[in-house]
$ cat target.txt   # compact mmCIF, C-alpha atoms
# COMPACT_ATOMS: atom_id res chain seq x y z
CA MET X 1 0.00 0.00 0.00
CA ALA X 2 1.35 3.33 -0.95
CA ALA X 3 1.93 5.83 1.72
CA ARG X 4 0.14 9.06 1.33
CA LEU X 5 2.35 12.08 1.41
CA PRO X 6 1.07 15.17 3.11
CA THR X 7 0.20 17.92 0.65
CA MET X 8 1.67 21.30 1.13
CA THR X 9 -0.35 24.34 0.36
CA ALA X 10 0.99 27.80 -0.14
CA PRO X 11 0.01 30.21 2.60
CA ARG X 12 -2.90 32.40 1.63
CA PRO X 13 -2.24 36.10 1.66
CA ASP X 14 -3.98 37.98 4.40
CA ARG X 15 -6.30 40.22 2.36
CA SER X 16 -7.44 42.24 5.32
CA ARG X 17 -3.82 43.15 6.09
CA ALA X 18 -3.20 44.25 2.48
CA LEU X 19 -6.37 46.32 2.56
CA GLN X 20 -5.28 48.00 5.79
CA CYS X 21 -1.89 48.90 4.27
CA LEU X 22 -3.59 50.33 1.19
CA MET X 23 -5.96 52.42 3.30
CA LEU X 24 -3.14 53.66 5.51
CA GLY X 25 -1.11 54.72 2.47
CA SER X 26 -4.14 56.48 0.97
CA ALA X 27 -4.87 58.30 4.23
CA ALA X 28 -1.26 59.46 4.49
CA THR X 29 -1.39 60.74 0.91
CA LEU X 30 -4.68 62.53 1.43
CA THR X 31 -3.67 64.22 4.66
CA GLY X 32 -0.52 65.54 3.06
CA CYS X 33 -2.00 67.06 -0.07
CA SER X 34 -5.73 66.84 -0.44
CA PHE X 35 -6.58 69.62 1.97
CA ASP X 36 -3.98 72.18 0.89
CA THR X 37 -5.16 75.70 0.21
CA PRO X 38 -3.87 77.37 -2.98
CA PRO X 39 -2.75 80.99 -3.09
CA ASN X 40 -5.38 83.58 -4.01
CA ILE X 41 -4.51 85.40 -7.24
CA SER X 42 -6.11 88.59 -8.50
CA VAL X 43 -5.05 90.17 -11.79
CA GLU X 44 -4.93 93.91 -11.13
CA GLU X 45 -3.96 95.53 -14.44
CA VAL X 46 -1.69 95.41 -17.48
CA LYS X 47 0.97 98.06 -17.95
CA TRP X 48 2.93 99.06 -21.01
CA VAL X 49 6.67 98.54 -20.48
CA THR X 50 8.46 99.30 -23.75
CA ARG X 51 8.31 99.13 -27.53
CA GLY X 52 10.73 96.69 -29.16
CA GLU X 53 13.19 97.67 -31.85
CA SER X 54 12.13 94.84 -34.17
CA THR X 55 10.31 94.48 -37.45
CA PRO X 56 7.38 94.03 -37.12
CA PRO X 57 7.26 96.13 -33.95
CA PHE X 58 6.39 94.41 -30.68
CA ILE X 59 5.41 95.88 -27.35
CA GLU X 60 6.30 94.46 -23.96
CA LEU X 61 3.59 94.50 -21.32
CA SER X 62 3.55 93.63 -17.64
CA VAL X 63 0.62 91.68 -16.18
CA GLU X 64 0.34 92.98 -12.61
CA MET X 65 -1.05 90.53 -10.03
CA MET X 66 -1.55 90.33 -6.29
CA LEU X 67 -0.94 86.92 -4.68
CA GLN X 68 -2.18 86.21 -1.18
CA ASN X 69 -1.32 83.27 1.06
CA PRO X 70 -4.39 82.45 3.22
CA THR X 71 -2.56 79.77 5.25
CA ASP X 72 -0.32 79.72 8.31
CA GLU X 73 2.47 78.02 6.33
CA PRO X 74 4.65 79.47 3.53
CA ILE X 75 3.69 78.48 -0.02
CA GLN X 76 6.53 78.01 -2.49
CA LEU X 77 5.45 79.18 -5.95
CA GLU X 78 6.88 77.32 -8.94
CA THR X 79 5.68 78.25 -12.44
CA PHE X 80 3.10 80.45 -14.15
CA GLU X 81 1.69 79.10 -17.44
CA TYR X 82 -0.61 81.62 -19.08
CA THR X 83 -2.13 83.09 -22.23
CA PHE X 84 -2.53 86.84 -22.74
CA ARG X 85 -4.92 88.09 -25.44
CA THR X 86 -5.83 91.55 -26.67
CA ASP X 87 -9.20 92.44 -28.19
CA ASN X 88 -7.48 92.99 -31.54
CA GLY X 89 -6.54 89.29 -31.71
CA LYS X 90 -2.91 89.43 -30.61
CA GLN X 91 -1.83 86.83 -28.09
CA TRP X 92 1.15 85.67 -26.03
CA LYS X 93 1.56 82.23 -24.45
CA GLY X 94 4.11 82.22 -21.69
CA VAL X 95 5.76 80.12 -19.01
CA TRP X 96 7.38 82.10 -16.21
CA SER X 97 9.28 80.85 -13.18
CA ALA X 98 7.84 82.42 -10.07
CA LEU X 99 10.98 81.97 -7.93
CA ARG X 100 9.09 83.19 -4.88
CA THR X 101 7.74 81.95 -1.57
CA LEU X 102 4.62 83.56 -0.16
CA PRO X 103 4.99 84.18 3.57
CA PRO X 104 2.13 83.00 5.81
CA ARG X 105 -0.93 85.28 5.78
CA ALA X 106 0.82 87.78 3.46
CA SER X 107 0.03 89.47 0.13
CA VAL X 108 2.76 89.93 -2.46
CA PRO X 109 2.64 91.78 -5.81
CA MET X 110 4.04 89.91 -8.83
CA GLN X 111 4.40 90.60 -12.52
CA VAL X 112 4.66 88.35 -15.57
CA PRO X 113 5.57 89.61 -19.06
CA ALA X 114 3.50 89.55 -22.22
CA ILE X 115 4.89 90.51 -25.62
CA VAL X 116 2.47 91.19 -28.47
CA GLU X 117 2.81 92.51 -31.99
CA GLU X 118 1.89 96.16 -32.36
CA LEU X 119 -0.24 97.03 -35.38
CA PRO X 120 0.59 100.39 -37.00
CA GLY X 121 -1.85 103.16 -36.18
CA GLU X 122 -3.57 101.28 -33.33
CA ASP X 123 -4.15 102.95 -30.00
CA VAL X 124 -2.86 100.07 -27.88
CA GLN X 125 -3.77 101.92 -24.68
CA LYS X 126 -7.49 101.53 -25.45
CA THR X 127 -7.22 97.83 -26.28
CA GLY X 128 -9.11 95.44 -24.03
CA TRP X 129 -7.26 92.37 -22.76
CA LYS X 130 -7.72 88.97 -21.10
CA VAL X 131 -5.29 86.73 -19.28
CA SER X 132 -5.82 83.19 -18.03
CA GLY X 133 -3.54 80.48 -16.76
CA THR X 134 -2.34 78.35 -13.88
CA ILE X 135 0.31 78.57 -11.23
CA SER X 136 2.00 75.48 -9.85
CA TYR X 137 3.14 75.49 -6.25
CA LYS X 138 4.42 73.27 -3.46
CA ALA X 139 1.73 72.75 -0.87
CA PRO X 140 2.91 73.02 2.73
CA GLY X 141 3.50 69.88 4.75
CA ARG X 142 6.00 67.04 4.71
CA TRP X 143 3.91 64.61 2.66
CA ALA X 144 3.00 67.27 0.12
CA GLN X 145 6.71 68.15 -0.28
CA ILE X 146 7.66 64.50 -0.81
CA LEU X 147 4.88 63.98 -3.36
CA PHE X 148 5.89 67.16 -5.21
CA ASP X 149 9.60 66.30 -5.26
CA THR X 150 8.91 62.79 -6.59
CA GLY X 151 6.64 64.22 -9.31
CA PHE X 152 3.61 62.32 -8.00
CA ARG X 153 1.55 65.44 -7.25
CA ARG X 154 2.13 68.97 -8.47
CA PRO X 155 -0.81 71.14 -7.41
CA THR X 156 -1.94 73.99 -9.64
CA HIS X 157 -4.43 76.81 -9.27
CA ASP X 158 -6.22 78.71 -12.05
CA PHE X 159 -6.27 82.48 -12.41
CA ARG X 160 -7.82 84.91 -14.89
CA GLY X 161 -8.41 88.57 -15.38
CA ARG X 162 -9.60 91.11 -17.92
CA GLY X 163 -9.54 94.82 -18.49
CA ASP X 164 -10.70 97.55 -20.86
CA GLN X 165 -7.37 99.28 -21.39
CA ILE X 166 -3.63 98.97 -20.96
CA GLU X 167 -2.09 101.44 -18.53
CA PHE X 168 0.74 103.63 -19.82
CA PRO X 169 3.30 105.32 -17.60
CA GLU X 170 2.60 108.95 -16.90
CA VAL X 171 5.01 111.28 -18.66
CA PRO X 172 5.47 114.68 -17.01
CA ALA X 173 4.19 117.56 -19.11
CA PRO X 174 6.88 119.94 -20.39
CA THR X 175 7.12 123.35 -18.75
CA GLN X 176 6.39 126.60 -20.58
CA ASP X 177 10.00 127.26 -21.51
CA GLY X 178 10.45 123.72 -22.91
CA GLN X 179 12.46 122.40 -19.97
CA ASP X 180 11.31 119.64 -17.63

$ encode --input "target.txt" --output "structure tokens"
Amino acid sequence: MAARLPTMTAPRPDRSRALQCLMLGSAATLTGCSFDTPPNISVEEVKWVTRGESTPPFIELSVEMMLQNPTDEPIQLETFEYTFRTDNGKQWKGVWSALRTLPPRASVPMQVPAIVEELPGEDVQKTGWKVSGTISYKAPGRWAQILFDTGFRRPTHDFRGRGDQIEFPEVPAPTQDGQD
């Protein structure tokens, strides 16, 4: 009579333990980045900076913004990606490194450039404009920093603004005798 050998079975994985690990990892990820508060961004105005010496002529503009950190932790700003359009159909798509950290509970003015082609004879000052884009930033907190640095999560926040005219610098009027 043949002896029966005991059968060996592979141990079954503990599914409840795997589920607990998955939930713990998810909770750690969510607490580090899901509840972050982005900076508030308001587009204030667009100012004329200079006229280029190129053909066709271009003008450089400055999109003036106010950024406000509503949190108790500093927010490290990374990159602006934006599109600037004038009512006459000219547009500029830009990427601009912010290179700035917003202090806790502080407001900071910032500018990004826009360069558009100038059409001869147009009164660019009376041109309406629109700007829209996103800013990427590092959310505060250790987990958020780790997720950002590994490229797993890079939070962004949208911004937009519009205006009826482009502000030009005030030039002092000449005096009566022609001297300033």

$ closest_residue --input "target.txt" --among "X:Glu44, X:Glu78, X:Glu60, X:Asp149" --to "Thr101 in chain X" --atoms "only C-alpha atoms"
X:Glu78

$ closest_residue --input "target.txt" --among "X:Ser54, X:Gln76, X:Gln111, X:Thr127" --to "Gly89 in chain X" --atoms "only C-alpha atoms"
X:Thr127

$ atom_distance --input "target.txt" --atom1 "CA of Thr150 in chain X" --atom2 "CA of Leu99 in chain X"
19.3 Å

$ closest_residue --input "target.txt" --among "X:Thr86, X:Gln68, X:Ser62, X:Ser97" --to "Ala114 in chain X" --atoms "all atoms listed in the file"
X:Ser62

$ residues_around --input "target.txt" --residues "Pro140 in chain X" --least-positions-apart "5" --cutoff "10 Å" --atoms "all atoms listed in the file" --output "PyMOL selection string"
chain X and resi 32-33+36-38+71-76+145

$ atom_distance --input "target.txt" --atom1 "CA of Arg105 in chain X" --atom2 "CA of Tyr82 in chain X"
25.1 Å
